[in-house]
2 protein chains.
Amino acid sequence: MSSSAEKHDVFQAIADPTRRKILRLLAEKELPISEITSHFSISRTAIAKHLHILSEAELVRGRKAGREKLYRLQPEPLTELKRWLSFYERFWNNKLSKLKHVVEHNGEVEIKVIETDVEERDP
Amino acid sequence: MSSSAEKHDVFQAIADPTRRKILRLLAEKELPISEITSHFSISRTAIAKHLHILSEAELVRGRKAGREKLYRLQPEPLTELKRWLSFYERFWNNKLSKLKHVVEHNGEVEIKVIETDVEERDP
DNA sequence: TAAATATAAAACCATTTGGTTTCATTTCGA
DNA sequence: TCGAAATGAAACCAAATGGTTTTATATTTA
């Protein structure tokens, strides 16, 4: 039984700036809670809660090592975010598809004619 | 003064599933609030609030047309999300960089030897 | 012009969120 | 073995979130 009723999904998990910063830290290396906490000005308990939320979203995984609990990044769920994003990419990826979108959806279009010296064909 | 103290950023804006669904609807075409509402089972007022939040994040833009207010998608802020995501892509993009990451960060690695018939070189 | 449509704005409410403090438990090390 | 270190867990709290209902305003349209 891998992954099921996750209370927090990846979208919610990354909504909080503190959690994004935690992910960024863990991207560098596996870290114990106390050391993660040292990078913030909030309590260790608060950080632990953020780690729980990240765990639920499976963006992070903790293992106990002695009296420490070491967390490391698990980036796989971010692929879901990427898939979601990819749908919208066509709207900004190139000017042509953006123009198409705008025209089709009643947007306003400004046409700017750029004058160029064109050599005449078959004079 | 374009964009500044946005109370809601793109990360927060897309955290809510209702708002994601609204974005998806507006990706198809510009729509008035009432029609957006018809796709949900919550009140028009609630939808209007979601639209305000999406507006703050500049993911959506409304214009008044008669007694209607038409909203359309503005996907540009999603590029910020994409930039954020791109940082993490190296962690899952190819097996080699993932292996590198896991090894460097004290993860466990399972080595699976796949036997292959190899023709001997220079026999 | 009066009724119907579409939205806006305000007041209110329950739950969630992001934080705190306090107390207990486990583990390391001198 | 005893104290310090690291975490876990619980109780609590203020503010934000995601809803609702009610009232008001503007715009069509019959």
# chains A, B, ... in the order shown; residues from 1 in each chain; ligands from 1
>>> residues_around(residues="Ile47 in chain B", least_positions_apart="3", cutoff="12 Å", atoms="only C-alpha atoms (C1' of nucleotides)", output="list in words")
Asp16, Thr18, Arg19, Arg20, Lys21, Ile22, Leu23, Pro32, Ile33, Ser34, Glu35, Ile36, Thr37, Ser38, His39, Phe40, Ser41, Ile42, Ser43, Arg44, His50, Leu51, His52, Ile53, Leu54 and Tyr71 of chain B; DT7 of chain C; DG18 and DG19 of chain D
>>> residues_around(residues="DT1 in chain D", least_positions_apart="2", cutoff="12 Å", atoms="only C-alpha atoms (C1' of nucleotides)", output="ChimeraX atom specification")
/C:29-30 /D:3
>>> interface_residues(of="chain C", to="chain B", cutoff="10 Å", atoms="only C-alpha atoms (C1' of nucleotides)", output="list in words")
DT5, DA6, DT7 and DA8 of chain C
>>> interface_residues(of="chain D", to="chain A", cutoff="12 Å", atoms="only C-alpha atoms (C1' of nucleotides)", output="PyMOL selection string")
chain D and resi 5-10
>>> write_last_selection(atoms="C-alpha atoms (C1' of nucleotides)", output="short mmCIF file (atom, residue, chain, number, x, y, z; two decimals), in the first residue's frame")
data_model
loop_
_atom_site.label_atom_id
_atom_site.label_comp_id
_atom_site.auth_asym_id
_atom_site.auth_seq_id
_atom_site.Cartn_x
_atom_site.Cartn_y
_atom_site.Cartn_z
"C1'" DA D 5 20.67 16.78 23.91
"C1'" DA D 6 17.09 15.66 20.56
"C1'" DT D 7 12.77 14.68 19.73
"C1'" DG D 8 7.67 13.64 20.56
"C1'" DA D 9 3.20 14.90 22.13
"C1'" DA D 10 -0.37 17.64 24.06
#
>>> closest_residue(among="B:Arg61, B:His8, B:Ser86, B:Ala15", to="chain A", atoms="only C-alpha atoms")
B:Ala15
>>> residues_around(residues="range 9-13 of chain C", least_positions_apart="5", cutoff="9 Å", atoms="only C-alpha atoms (C1' of nucleotides)", output="PyMOL selection string")
chain D and resi 19-24
>>> interface_residues(of="chain B", to="chain A", cutoff="6 Å", atoms="only C-alpha atoms", output="ChimeraX atom specification")
/B:11-12,15,29-30,105
>>> atom_distance(atom1="C1' of DT17 in chain D", atom2="CA of Ala46 in chain A")
19.6 Å
>>> select_by_dssp(residues="range 29-75 of chain A", states="alpha helix (DSSP H)", output="ChimeraX atom specification")
/A:33-37,44-56
>>> write_last_selection(atoms="N, CA and C atoms", output="compact mmCIF listing (two decimals), in the first residue's frame")
# COMPACT_ATOMS: atom_id res chain seq x y z
N ILE A 33 16.35 17.51 12.56
CA ILE A 33 15.40 18.59 12.84
C ILE A 33 16.08 19.80 13.47
N SER A 34 16.94 19.53 14.43
CA SER A 34 17.55 20.66 15.16
C SER A 34 18.35 21.55 14.22
N GLU A 35 19.04 20.93 13.27
CA GLU A 35 19.85 21.75 12.37
C GLU A 35 18.96 22.52 11.38
N ILE A 36 17.91 21.87 10.94
CA ILE A 36 16.96 22.59 10.09
C ILE A 36 16.45 23.82 10.83
N THR A 37 16.08 23.59 12.09
CA THR A 37 15.53 24.67 12.90
C THR A 37 16.49 25.86 13.00
N ARG A 44 11.45 24.84 17.25
CA ARG A 44 11.69 23.52 16.72
C ARG A 44 10.36 22.79 16.50
N THR A 45 9.43 22.96 17.42
CA THR A 45 8.13 22.30 17.30
C THR A 45 7.43 22.70 16.01
N ALA A 46 7.50 23.98 15.69
CA ALA A 46 6.87 24.46 14.46
C ALA A 46 7.50 23.81 13.24
N ILE A 47 8.82 23.73 13.26
CA ILE A 47 9.53 23.07 12.15
C ILE A 47 9.11 21.61 12.04
N ALA A 48 9.02 20.96 13.19
CA ALA A 48 8.62 19.54 13.19
C ALA A 48 7.25 19.38 12.53
N LYS A 49 6.35 20.31 12.81
CA LYS A 49 5.02 20.23 12.20
C LYS A 49 5.10 20.39 10.69
N HIS A 50 5.91 21.33 10.25
CA HIS A 50 6.08 21.51 8.81
C HIS A 50 6.64 20.22 8.19
N LEU A 51 7.55 19.59 8.90
CA LEU A 51 8.13 18.35 8.38
C LEU A 51 7.07 17.25 8.30
N HIS A 52 6.16 17.25 9.24
CA HIS A 52 5.07 16.27 9.18
C HIS A 52 4.23 16.47 7.93
N ILE A 53 3.93 17.73 7.68
CA ILE A 53 3.12 18.05 6.49
C ILE A 53 3.85 17.65 5.21
N LEU A 54 5.14 17.96 5.17
CA LEU A 54 5.94 17.57 4.01
C LEU A 54 5.99 16.04 3.88
N SER A 55 6.02 15.36 5.03
CA SER A 55 6.02 13.90 5.02
C SER A 55 4.72 13.35 4.44
N GLU A 56 3.61 13.94 4.88
CA GLU A 56 2.31 13.48 4.36
C GLU A 56 2.26 13.62 2.85
>>> atom_distance(atom1="C1' of DT25 in chain D", atom2="C1' of DA4 in chain C")
14.0 Å
